[in-house]
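These notes concern the structure reproduced below.
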Amino acid sequence: NAGVTQTPKFQVLKTGQSMTLQCAQDMNHEYMSWYRQDPGMGLRLIHYSVGAGITDQGEVPNGYNVSRSTTEDFPLRLLSAAPSQTSVYFCASSSLSSYNEQFFGPGTRLTVL
Amino acid sequence: KQEVTQIPAALSVPEGENLVLNCSFTDSAIYNLQWFRQDPGKGLTSLLLIQSSQREQTSGRLNASLDKSSGRSTLYIAASQPGDSATYLCAVMYRSSGSARQLTFGSGTQLTVLP
């Protein structure tokens with residue numbers, strides 16, 4: 001199993017540009033989520049999904065959109081990038097059968113100029 | 001606000017020492033607590049998960065304990081090696097997170113094991 005994969009690893013955007021961060025998992029996990037990691041702020045939940053077609057907002061959802069059309073994929077879209085969105089983004093997944101271990105991807109390092 | 005605190009922020013030890021990393025949380029109503037390792041510029045690797053009903057978990061040289069009543073968890077690393085050098089993160093899933101299953105992270109302990 002590849003586990004949780006994310007692409008790209010690095011990305012530089014200009015203010016106002018849009019892009020999609022990709023996340024995929026091959027563990028048939030129902031639950032998937034996106035976090036951002038910032039110095040001094042720790043990791044904060046952006047959006048999450050408990051299954052295909054079901055998404056909801058986390059702690060810091062503004063400026064981001066998500067969709068979940070398949071169990072495997074959970075892309076994160078930045079609609080109009082801002083310098084405040086410069087961060088490292090992590091995708092995570094887990095089974096819903098109990099409050100199970102969450103597995104994280106390798107991250108995408110995003111810089112918005 | 002529910003928080004997670006990790007002390008110390010940084011720790012440097014000589015190779016071979018046994019060490020303890022500390023994590024404290026503000027509310028005993030939790031589903032679980034998870035310890036992660038993060039190497040510089042890399043993702044989070046799950047080390048141990050302790051469910052609310054458990055007192056400890058062990059994996060190799062690692063042992064994690066949980067005391068909900070005092071709001072504390074410790075990660076014990078036996079016979080430390082230079083390869084253990086990394087940032088260790090403690091994360092708590094509070095019951096109040098509901099379907100979000102949000103992990104509340106501590107700020108981490110940066111461990112350096114000197115050869």
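Here's how to read the names in the structure tokens: chain A, B, ... by the order shown, residue numbers from 1 in each chain, ligand numbers from 1 in the order shown.
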Starting from chain A, keep only residues with some atom at most 12 Å from an atom of chain B, counting only C-alpha atoms, and report them as an MDAnalysis selection string.
chainID A and resid 3:6 9:10 30:51 54:60 87:96 98:109
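Neighbours of Thr7 (chain A) closer than or equal to 8 Å, with only C-alpha atoms counted and sequence neighbours fewer than 5 positions away skipped, come out as Leu21, Gln22, Cys23 and Thr108 of chain A.
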Which residue of B:Ser69, B:Thr109, B:Gln2, B:Gln54 approaches Asn22 (chain B) most closely, using only C-alpha atoms:
B:Thr109
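Neighbouring residues of Thr70 (chain A) at 9 Å or closer, counting only C-alpha atoms and skipping chain neighbours under 2 positions away, are Gly51, Ala52, Gly53, Arg68, Glu72, Asp73 and Phe74 of chain A.
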Go through B:Pro14, B:Thr5, B:Leu21, B:Thr26 and flag the residue nearest Gly71 (chain B), using only C-alpha atoms for the distances.
B:Thr26
Restricting to only C-alpha atoms, whichever of A:Pro8, A:Gly63, A:Ser97, A:Thr15 is closest to Arg77 (chain A) is A:Gly63
What's around Ser24 (chain B) at 9 Å? Count only C-alpha atoms, leave out sequence neighbours fewer than 5 positions away in its own chain, and write the answer as an MDAnalysis selection string.
chainID B and resid 3:7 70:74 90 106
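Rounded to one decimal, CA of Leu111 (chain B) and CA of Ser12 (chain B) lie 5.9 Å from each other.
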Please, which residues of region 32-113 of chain A, numbered as in this document, come out strand (DSSP E) from DSSP, as an NGL selection string?
:A and (32-38 or 42-51 or 54-57 or 64-66 or 76-78 or 87-94 or 103-104 or 108-112)
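Take CA of Tyr94 (chain B) and CA of Ala29 (chain B): the distance between them is 6.1 Å.
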Test item: residues at most 7 Å from Val20 (chain B), only C-alpha atoms, excluding those fewer than 6 positions along its chain, as a VMD selection string
chain B and resid 74 to 77
Those same residues - N, CA and C atoms - I'd like them written as an mmCIF file, in the first residue's frame.
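The resulting file, part24.cif, is reproduced below:
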```cif
data_model
loop_
_atom_site.group_PDB
_atom_site.id
_atom_site.type_symbol
_atom_site.label_atom_id
_atom_site.label_comp_id
_atom_site.auth_asym_id
_atom_site.auth_seq_id
_atom_site.Cartn_x
_atom_site.Cartn_y
_atom_site.Cartn_z
ATOM 1 N N THR B 74 2.834 10.459 28.495
ATOM 2 C CA THR B 74 4.281 10.483 28.336
ATOM 3 C C THR B 74 4.678 9.508 27.233
ATOM 4 N N LEU B 75 5.710 9.879 26.508
ATOM 5 C CA LEU B 75 6.320 8.996 25.515
ATOM 6 C C LEU B 75 7.718 8.675 26.014
ATOM 7 N N TYR B 76 7.944 7.406 26.301
ATOM 8 C CA TYR B 76 9.232 6.927 26.808
ATOM 9 C C TYR B 76 9.988 6.299 25.650
ATOM 10 N N ILE B 77 11.216 6.763 25.442
ATOM 11 C CA ILE B 77 12.078 6.197 24.404
ATOM 12 C C ILE B 77 13.269 5.561 25.096
#
```
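Here CA of Gly98 (chain B) is placed at a distance of 10.5 Å from CA of Ile30 (chain B).
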